[in-house]
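Listing of input.tsv, TSV, C-alpha atoms
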chain	number	residue	atom	x	y	z
A	1	MET	CA	0.00	0.00	0.00
A	2	PHE	CA	2.81	2.33	1.01
A	3	ARG	CA	4.57	1.55	-2.27
A	4	PHE	CA	1.57	2.57	-4.35
A	5	LEU	CA	0.98	5.76	-2.35
A	6	TYR	CA	4.64	6.61	-2.73
A	7	ILE	CA	4.54	6.12	-6.51
A	8	ALA	CA	1.29	8.03	-6.80
A	9	LEU	CA	2.77	10.94	-4.86
A	10	LEU	CA	5.89	11.05	-6.99
A	11	LEU	CA	4.00	10.73	-10.24
A	12	THR	CA	1.89	13.74	-9.47
A	13	VAL	CA	4.77	15.92	-9.87
A	14	SER	CA	10.06	14.06	-13.79
A	15	ASP	CA	13.14	15.07	-14.91
A	16	ALA	CA	12.72	18.47	-16.48
A	17	ASN	CA	15.04	17.88	-19.37
A	18	ALA	CA	15.11	14.13	-19.95
A	19	HIS	CA	11.64	14.15	-21.43
A	20	PRO	CA	10.35	11.05	-23.23
A	21	VAL	CA	9.22	13.47	-25.94
A	22	SER	CA	11.35	16.29	-27.34
A	23	TYR	CA	9.86	19.31	-29.09
A	24	GLU	CA	8.36	18.93	-32.60
A	25	ASP	CA	11.03	17.97	-35.15
A	26	GLY	CA	13.51	17.90	-32.28
A	27	ALA	CA	15.95	15.17	-31.37
A	28	ALA	CA	17.80	14.41	-28.15
A	29	ILE	CA	20.77	12.16	-27.49
A	30	MET	CA	21.31	11.37	-23.82
A	31	THR	CA	23.94	9.40	-21.98
A	32	ARG	CA	24.07	8.49	-18.30
A	33	PHE	CA	27.12	6.97	-16.68
A	34	SER	CA	27.81	5.72	-13.21
A	35	ARG	CA	29.98	2.84	-11.96
A	36	ALA	CA	27.33	0.18	-12.48
A	37	GLN	CA	24.58	1.85	-14.50
A	38	ARG	CA	24.81	3.12	-18.06
A	39	GLU	CA	22.28	4.45	-20.49
A	40	LEU	CA	22.32	5.74	-24.05
A	41	SER	CA	19.11	7.00	-25.57
A	42	LEU	CA	18.14	8.66	-28.83
A	43	VAL	CA	14.72	10.24	-29.14
A	44	TYR	CA	13.23	12.02	-32.14
A	45	SER	CA	9.85	13.75	-31.99
A	46	PRO	CA	7.91	14.06	-35.25
A	47	LYS	CA	5.14	15.71	-33.21
A	48	TRP	CA	5.30	17.77	-30.01
A	49	TRP	CA	3.27	15.08	-28.24
A	50	PHE	CA	5.02	11.97	-29.60
A	51	GLY	CA	8.61	10.78	-29.54
A	52	THR	CA	10.31	7.67	-30.82
A	53	GLY	CA	13.81	6.25	-30.72
A	54	ALA	CA	15.96	3.65	-29.03
A	55	ILE	CA	17.41	3.06	-25.57
A	56	ILE	CA	20.36	0.95	-24.47
A	57	GLU	CA	20.59	0.50	-20.72
A	58	LYS	CA	22.68	-1.40	-18.25
A	59	LEU	CA	20.93	-1.37	-14.89
A	60	ASP	CA	23.87	-3.03	-13.20
A	61	GLU	CA	27.00	-4.76	-14.45
A	62	ASP	CA	25.07	-7.91	-15.39
A	63	ARG	CA	21.70	-6.68	-16.58
A	64	ALA	CA	21.52	-5.17	-20.07
A	65	TYR	CA	18.48	-3.96	-21.99
A	66	GLN	CA	18.06	-2.66	-25.55
A	67	SER	CA	14.64	-1.40	-26.57
A	68	VAL	CA	12.59	0.69	-28.94
A	69	HIS	CA	11.35	3.90	-27.33
A	70	LEU	CA	7.85	5.25	-27.85
A	71	GLY	CA	6.90	8.28	-25.77
A	72	LEU	CA	3.51	9.95	-25.52
A	73	LEU	CA	2.82	13.31	-23.90
A	74	VAL	CA	-0.58	12.54	-22.41
A	75	ASN	CA	-1.21	16.01	-21.05
A	76	ARG	CA	0.57	19.34	-20.71
A	77	TRP	CA	-0.50	22.13	-18.44
A	78	ASN	CA	0.72	25.49	-19.75
A	79	LEU	CA	0.56	28.11	-17.02
A	80	PRO	CA	1.77	31.73	-17.12
A	81	GLU	CA	4.89	30.97	-15.03
A	82	ALA	CA	5.01	27.17	-15.10
A	83	GLN	CA	4.57	24.03	-17.14
A	84	GLY	CA	3.43	20.58	-16.06
A	85	ASN	CA	3.63	17.38	-18.10
A	86	PHE	CA	2.48	13.82	-17.85
A	87	TYR	CA	4.02	11.18	-20.13
A	88	LEU	CA	3.63	7.49	-20.81
A	89	TYR	CA	6.42	5.60	-22.52
A	90	GLY	CA	7.65	2.14	-23.37
A	91	GLY	CA	8.64	-0.21	-26.10
A	92	PRO	CA	9.68	-3.78	-26.83
A	93	GLY	CA	13.26	-4.96	-26.78
A	94	ARG	CA	15.81	-7.61	-25.85
A	95	TYR	CA	17.49	-8.24	-22.52
A	96	SER	CA	20.48	-10.28	-21.47
A	97	PHE	CA	21.68	-11.13	-17.96
A	98	ASP	CA	25.31	-12.23	-17.77
A	99	GLU	CA	25.17	-13.75	-14.31
A	100	SER	CA	22.33	-16.18	-15.01
A	101	ASP	CA	23.16	-16.50	-18.71
A	102	GLU	CA	19.56	-15.59	-19.48
A	103	ASP	CA	18.19	-13.57	-22.37
A	104	GLY	CA	14.89	-12.90	-24.13
A	105	SER	CA	12.31	-10.35	-25.18
A	106	PHE	CA	10.93	-7.78	-22.79
A	107	MET	CA	8.66	-4.75	-22.66
A	108	ARG	CA	9.71	-1.47	-21.07
A	109	VAL	CA	6.76	0.52	-19.71
A	110	GLY	CA	6.71	3.65	-17.61
A	111	ALA	CA	5.19	6.95	-16.65
A	112	GLN	CA	6.78	10.31	-16.00
A	113	ALA	CA	5.47	13.56	-14.62
A	114	ASP	CA	7.04	16.97	-14.04
A	115	TYR	CA	6.28	20.46	-12.91
A	116	GLU	CA	8.74	23.25	-13.63
A	117	THR	CA	9.13	26.97	-13.41
A	118	ARG	CA	12.23	28.94	-14.36
A	119	LYS	CA	13.68	28.52	-10.87
A	120	PHE	CA	12.23	25.27	-9.57
A	121	TYR	CA	11.38	21.82	-10.82
A	122	ILE	CA	10.14	18.58	-9.44
A	123	ALA	CA	10.04	15.40	-11.48
A	124	ALA	CA	9.43	11.68	-11.14
A	125	SER	CA	9.37	8.64	-13.33
A	126	TYR	CA	8.72	4.98	-12.77
A	127	THR	CA	9.78	2.28	-15.27
A	128	GLU	CA	9.16	-1.44	-15.31
A	129	TYR	CA	10.99	-4.06	-17.37
A	130	ARG	CA	8.74	-7.06	-17.92
A	131	SER	CA	9.57	-10.31	-19.64
A	132	LEU	CA	7.47	-11.15	-22.67
A	133	LYS	CA	7.68	-14.81	-21.82
A	134	GLY	CA	4.58	-16.36	-20.28
A	135	ASP	CA	3.47	-14.46	-17.19
A	136	PHE	CA	5.17	-11.09	-17.85
A	137	THR	CA	7.57	-11.49	-14.94
A	138	LEU	CA	8.96	-8.27	-13.55
A	139	LEU	CA	12.67	-8.32	-14.43
A	140	ASP	CA	13.61	-4.91	-13.05
A	141	ASP	CA	12.14	-1.58	-12.14
A	142	ALA	CA	13.49	1.92	-11.59
A	143	LEU	CA	12.05	4.89	-9.81
A	144	ASN	CA	13.64	8.28	-10.42
A	145	PHE	CA	12.82	11.39	-8.51
A	146	GLY	CA	14.44	14.80	-8.78
A	147	ILE	CA	13.92	18.20	-7.25
A	148	GLY	CA	15.93	21.16	-8.49
A	149	LEU	CA	16.55	24.84	-7.89
A	150	ALA	CA	18.16	27.37	-10.21
A	151	PRO	CA	20.37	29.85	-8.35
A	152	TYR	CA	19.74	32.38	-11.11
A	153	VAL	CA	17.50	32.71	-14.13
A	154	ALA	CA	19.12	32.48	-17.58
A	155	ASN	CA	18.06	32.44	-21.22
A	156	PHE	CA	18.87	29.90	-23.95
A	157	LYS	CA	22.10	31.61	-25.06
A	158	GLU	CA	23.40	31.93	-21.51
A	159	LEU	CA	24.83	29.32	-19.14
A	160	ASN	CA	22.00	27.78	-17.14
A	161	ALA	CA	22.78	26.15	-13.80
A	162	TRP	CA	20.70	23.97	-11.49
A	163	VAL	CA	21.27	22.34	-8.14
A	164	ILE	CA	19.39	19.04	-8.05
A	165	PHE	CA	18.74	16.40	-5.46
A	166	ARG	CA	18.03	13.09	-7.16
A	167	VAL	CA	16.75	9.81	-5.75
A	168	ARG	CA	16.88	6.55	-7.69
A	169	ALA	CA	15.40	3.30	-6.47
A	170	VAL	CA	15.94	-0.03	-8.23
A	171	ASN	CA	15.44	-3.68	-7.44
A	172	ARG	CA	11.85	-3.33	-6.29
A	173	PHE	CA	12.52	-0.36	-4.01
A	174	GLU	CA	15.21	-2.17	-2.08
A	175	ASP	CA	18.22	-0.31	-3.39
A	176	PHE	CA	18.06	3.48	-3.06
A	177	SER	CA	20.69	5.96	-4.16
A	178	TYR	CA	20.70	9.65	-3.29
A	179	VAL	CA	22.64	11.83	-5.70
A	180	PRO	CA	23.17	15.57	-5.23
A	181	THR	CA	23.80	16.82	-8.76
A	182	LEU	CA	24.92	19.97	-10.52
A	183	ARG	CA	23.31	20.53	-13.89
A	184	PHE	CA	24.50	22.98	-16.52
A	185	PHE	CA	23.22	23.71	-19.94
A	186	TYR	CA	24.27	26.08	-22.63
A	187	LYS	CA	22.35	26.30	-25.89
A	188	ASN	CA	21.75	22.71	-27.05
A	189	PHE	CA	24.15	21.04	-24.61
A	190	LEU	CA	23.33	19.78	-21.14
A	191	TRP	CA	25.70	18.11	-18.71
A	192	GLU	CA	25.34	16.94	-15.13
A	193	VAL	CA	27.84	15.89	-12.51
A	194	GLY	CA	26.73	14.14	-9.36
A	195	GLN	CA	28.02	12.05	-6.50
A	196	SER	CA	25.88	9.69	-4.49
A	197	PHE	CA	25.97	9.45	-0.71
A	198	LYS	CA	27.83	6.14	-1.24
A	199	GLY	CA	30.57	7.98	-3.10
A	200	GLU	CA	29.59	6.82	-6.59
A	201	SER	CA	30.06	9.43	-9.32
A	202	GLN	CA	27.49	10.00	-12.01
A	203	LEU	CA	27.88	11.86	-15.29
A	204	ASN	CA	25.03	12.67	-17.63
A	205	PHE	CA	25.22	14.37	-21.00
A	206	MET	CA	22.54	15.41	-23.44
A	207	ILE	CA	22.41	17.16	-26.81
A	208	ARG	CA	19.13	18.51	-28.17
A	209	TYR	CA	18.55	19.70	-31.71
B	1	MET	CA	11.89	79.53	-49.07
B	2	LYS	CA	8.59	78.12	-47.87
B	3	GLN	CA	8.41	75.99	-51.02
B	4	LEU	CA	11.93	74.65	-50.42
B	5	PHE	CA	11.03	73.76	-46.83
B	6	LYS	CA	7.99	71.79	-48.07
B	7	ILE	CA	10.11	69.86	-50.58
B	8	VAL	CA	12.70	68.98	-47.91
B	9	LEU	CA	9.93	67.87	-45.54
B	10	ILE	CA	8.33	65.63	-48.21
B	11	LEU	CA	11.71	64.08	-49.03
B	12	LEU	CA	12.39	63.39	-45.35
B	13	MET	CA	8.97	61.76	-44.85
B	14	SER	CA	9.29	59.55	-47.90
B	15	SER	CA	12.73	58.37	-46.78
B	16	GLN	CA	11.20	57.44	-43.37
B	17	VAL	CA	8.47	55.37	-45.08
B	18	ALA	CA	11.06	53.62	-47.22
B	19	PHE	CA	13.13	52.80	-44.13
B	20	ALA	CA	10.10	51.37	-42.30
B	21	ALA	CA	9.27	49.10	-45.19
B	22	LYS	CA	12.79	47.68	-45.33
B	23	THR	CA	12.89	46.80	-41.64
B	24	GLY	CA	9.73	44.64	-41.94
B	25	LYS	CA	6.63	44.43	-39.79
B	26	THR	CA	6.61	43.03	-36.30
B	27	VAL	CA	4.11	40.77	-34.53
B	28	THR	CA	4.19	39.89	-30.86
B	29	ALA	CA	2.55	36.95	-29.14
B	30	LYS	CA	2.07	36.29	-25.45
B	31	VAL	CA	2.53	32.60	-24.61
B	32	ASN	CA	1.90	30.42	-21.58
B	33	GLY	CA	4.11	27.47	-20.63
B	34	MET	CA	7.48	28.91	-21.69
B	35	VAL	CA	9.67	28.11	-18.71
B	36	CYS	CA	12.90	26.62	-19.99
B	37	ALA	CA	15.62	27.69	-22.37
B	38	PHE	CA	14.89	24.68	-24.60
B	39	CYS	CA	11.31	25.98	-24.95
B	40	SER	CA	12.55	29.21	-26.50
B	41	ASN	CA	14.80	27.25	-28.86
B	42	SER	CA	11.92	25.13	-30.12
B	43	LEU	CA	9.85	28.20	-30.96
B	44	GLU	CA	12.76	30.06	-32.57
B	45	LYS	CA	13.52	26.99	-34.69
B	46	LYS	CA	9.92	26.71	-35.83
B	47	PHE	CA	9.50	30.36	-36.83
B	48	ASN	CA	12.94	30.60	-38.43
B	49	LYS	CA	11.98	27.81	-40.83
B	50	ARG	CA	9.37	30.07	-42.43
B	51	LYS	CA	10.54	32.01	-45.47
B	52	GLU	CA	8.40	34.99	-44.45
B	53	VAL	CA	10.31	35.46	-41.19
B	54	GLU	CA	13.32	37.74	-40.96
B	55	SER	CA	14.03	37.11	-37.29
B	56	VAL	CA	12.38	35.87	-34.11
B	57	ASP	CA	13.06	36.64	-30.50
B	58	VAL	CA	11.67	34.65	-27.58
B	59	ASN	CA	11.78	36.42	-24.25
B	60	LEU	CA	11.36	34.04	-21.32
B	61	ASP	CA	11.07	36.91	-18.85
B	62	THR	CA	8.08	38.53	-20.51
B	63	LYS	CA	6.79	35.32	-22.19
B	64	LEU	CA	6.65	37.27	-25.45
B	65	ILE	CA	7.57	36.06	-28.92
B	66	THR	CA	8.52	38.85	-31.30
B	67	VAL	CA	8.47	37.96	-34.99
B	68	VAL	CA	9.96	40.36	-37.55
B	69	PHE	CA	8.85	39.67	-41.11
B	70	LYS	CA	10.69	40.25	-44.33
B	71	GLU	CA	9.66	43.17	-46.47
B	72	ASN	CA	6.07	42.75	-47.74
B	73	LYS	CA	5.77	39.34	-46.04
B	74	SER	CA	3.66	38.20	-43.12
B	75	LEU	CA	1.76	35.30	-41.58
B	76	SER	CA	-1.87	35.30	-40.51
B	77	LYS	CA	-2.83	35.46	-36.86
B	78	LYS	CA	-4.39	32.00	-37.26
B	79	LYS	CA	-1.14	30.59	-38.62
B	80	ILE	CA	0.94	32.17	-35.85
B	81	LYS	CA	-1.38	30.73	-33.22
B	82	LYS	CA	-1.22	27.31	-34.85
B	83	MET	CA	2.60	27.39	-34.95
B	84	ILE	CA	2.75	28.18	-31.25
B	85	LYS	CA	0.15	25.56	-30.32
B	86	THR	CA	1.85	22.84	-32.37
B	87	SER	CA	5.06	23.64	-30.50
B	88	GLY	CA	3.25	22.62	-27.34
B	89	PHE	CA	2.44	26.01	-25.83
B	90	SER	CA	-0.72	28.00	-25.19
B	91	VAL	CA	-1.38	31.33	-26.87
B	92	VAL	CA	-2.64	34.10	-24.62
B	93	SER	CA	-2.79	36.84	-27.29
B	94	VAL	CA	-1.33	37.85	-30.64
B	95	ASN	CA	-0.76	41.52	-31.37
B	96	MET	CA	-0.52	42.04	-35.10
B	97	ASN	CA	0.57	45.67	-34.52
B	98	GLY	CA	-1.63	46.94	-37.32
B	99	LEU	CA	-0.30	44.38	-39.78
B	100	LYS	CA	-2.91	43.42	-42.35
B	101	GLU	CA	-3.58	39.69	-42.16
B	102	THR	CA	-2.76	37.61	-45.16
B	103	ASN	CA	-4.73	34.69	-46.51
B	104	GLU	CA	-1.81	32.28	-46.64
B	105	LYS	CA	-2.36	28.92	-45.07

Any chance you could put this one into structure tokens?
Amino acid sequence: MFRFLYIALLLTVSDANAHPVSYEDGAAIMTRFSRAQRELSLVYSPKWWFGTGAIIEKLDEDRAYQSVHLGLLVNRWNLPEAQGNFYLYGGPGRYSFDESDEDGSFMRVGAQADYETRKFYIAASYTEYRSLKGDFTLLDDALNFGIGLAPYVANFKELNAWVIFRVRAVNRFEDFSYVPTLRFFYKNFLWEVGQSFKGESQLNFMIRY
Amino acid sequence: MKQLFKIVLILLMSSQVAFAAKTGKTVTAKVNGMVCAFCSNSLEKKFNKRKEVESVDVNLDTKLITVVFKENKSLSKKKIKKMIKTSGFSVVSVNMNGLKETNEK
């Protein structure tokens, strides 16, 4: 019960820049590196409400996923000083686990929500990785939550900076990591540097066209 | 002398009109939902693709988009609204600044 309330709370409010959908005719390439987890994604949006692409992820050293990405902006709330978004995303793919020498087809499904102003953002996403064999066994899941503040307000052609506190939970909410992160972006380039409370470094990079 | 003054005045006025025409007409639109720098880039990209547009400026502070058209070119209010909406934002108002609307689609 607590788990569902927790997810519901987080999903009412996502990562402001790692949207499952880019802007119309826009493309985004994103990488995420930490000691055990890696991700490379490419998303192109033919429409402002729909994005498609591919994602390669390694949730830990043994668990690798490659999948098609389909992202749908279900609703956007445009306010005078803020924007809120709710997305659904997913796609079929292949997984391989080194440790158990297991592989097969899977489906990635998730939801993401965000609320952002020019100085504040709060975002959450929840993703499940389910086997397409038989009973759709849950292979992995990942909850991401981020809250960020901008120390100053900047425009597109200026250096933008954010201080972000990020929480990531994997392995059915048993393994939490807390990562204070600094985010910078300048024009089409975004980069983040973070270090978890366990001392693990994380580096994210994104280019948007 | 009075005649000469009139001629000079007419010449000055006509040169002003000619200058105004060369700089193009300007339209401003107030938009809701513009909160991030990437938002402004998406709108600039969309308007800059149009051959009628000389330049576009998106101001995140005022939430205003200012579109400067090429000489004798423009877009209709309907088209401008549609371009903003299909970028994912909401239009509050469009001020054509006296610009006569065209029938282009």

Next on the checklist: Counting only C-alpha atoms, which residue out of B:Ser42, B:Ser90, B:Ser55, B:Thr66 sits closest to Leu79 in chain A?
Outcome noted: B:Ser90

Checklist entry - Leaving out Lys73 in chain B and any residue of its chain fewer than 4 positions from it, which residues lie within 10 Å of it when counting only C-alpha atoms, given as a ChimeraX atom specification? => result /B:24-25,51-54,68-69,102

Checklist entry - Which residues, written as an MDAnalysis selection string, have at least one atom at most 10 Å from Leu43 in chain B, with all atoms listed in the file counted and residues fewer than 3 positions away on the same chain left out? => result (chainID A and resid 23:24) or (chainID B and resid 34 38:40 46:48 56:58 65 83:84 86:89)

Next on the checklist: Need the shell around Thr127 in chain A: protein/DNA/RNA residues with any atom at most 12 Å away, counting all atoms listed in the file. Skip same-chain ones fewer than 6 positions apart. Format as a ChimeraX atom specification?
Outcome noted: /A:7,11,14,20,59,87-91,107-112,138-145,168-173

Item to check | Distance filter 10 Å, only C-alpha atoms, chain A against chain B, as a VMD selection string | outcome: chain A and resid 16 to 17 22 to 26 47 to 49 73 76 to 84 116 to 120 153 to 160 185 to 189 208 to 209

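Here CA of Val43 in chain A stands at a distance of 10.6 Å from CA of Ile207 in chain A.
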
Checklist entry - Which residues come within 7 Å of Tyr178 in chain A, counting all atoms listed in the file, excluding same-chain residues fewer than 2 positions away, as an MDAnalysis selection string? => result chainID A and resid 166:168 176 180 196:197

Next on the checklist: To one decimal place in Å, what is the distance between CA of Ile147 in chain A and CA of Glu200 in chain A?
Outcome noted: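 Atom-to-atom, CA of Ile147 in chain A to CA of Glu200 in chain A, that is 19.4 Å.
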
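Take the candidates A:Ala123, A:Val179, A:Val21, A:Ala113 and check each one against Gly71 in chain A using all atoms listed in the file; the shortest distance goes to A:Val21.
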
Next on the checklist: Given only C-alpha atoms as the basis, pick out the residue of A:Asp103, A:Pro92, A:Ser34, A:His19 nearest to Leu72 in chain A.
Outcome noted: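 Going through A:Asp103, A:Pro92, A:Ser34, A:His19 one by one, the smallest distance to Leu72 in chain A is for A:His19.
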
Checklist entry - What is the distance between CA of Leu190 in chain A and CA of Ile55 in chain A, in Å to one decimal? => result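 Separation of CA of Leu190 in chain A and CA of Ile55 in chain A: 18.3 Å.
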
Item to check | Long-range neighbours of Ile29 in chain A as a PyMOL selection string, 6 Å cut-off, only C-alpha atoms, 4 positions minimum in chain | outcome: chain A and resi 41-42+206-207

Would you compute the box with edges along x, y and z of the file around range 87-101 of chain A, including every atom the file lists for it and 6 Å extra on each side, and give its centre and edge lengths in Å to one decimal, as lines of an AutoDock Vina configuration file?
center_x = 14.5
center_y = -2.7
center_z = -20.6
size_x = 33.7
size_y = 39.7
size_z = 24.5
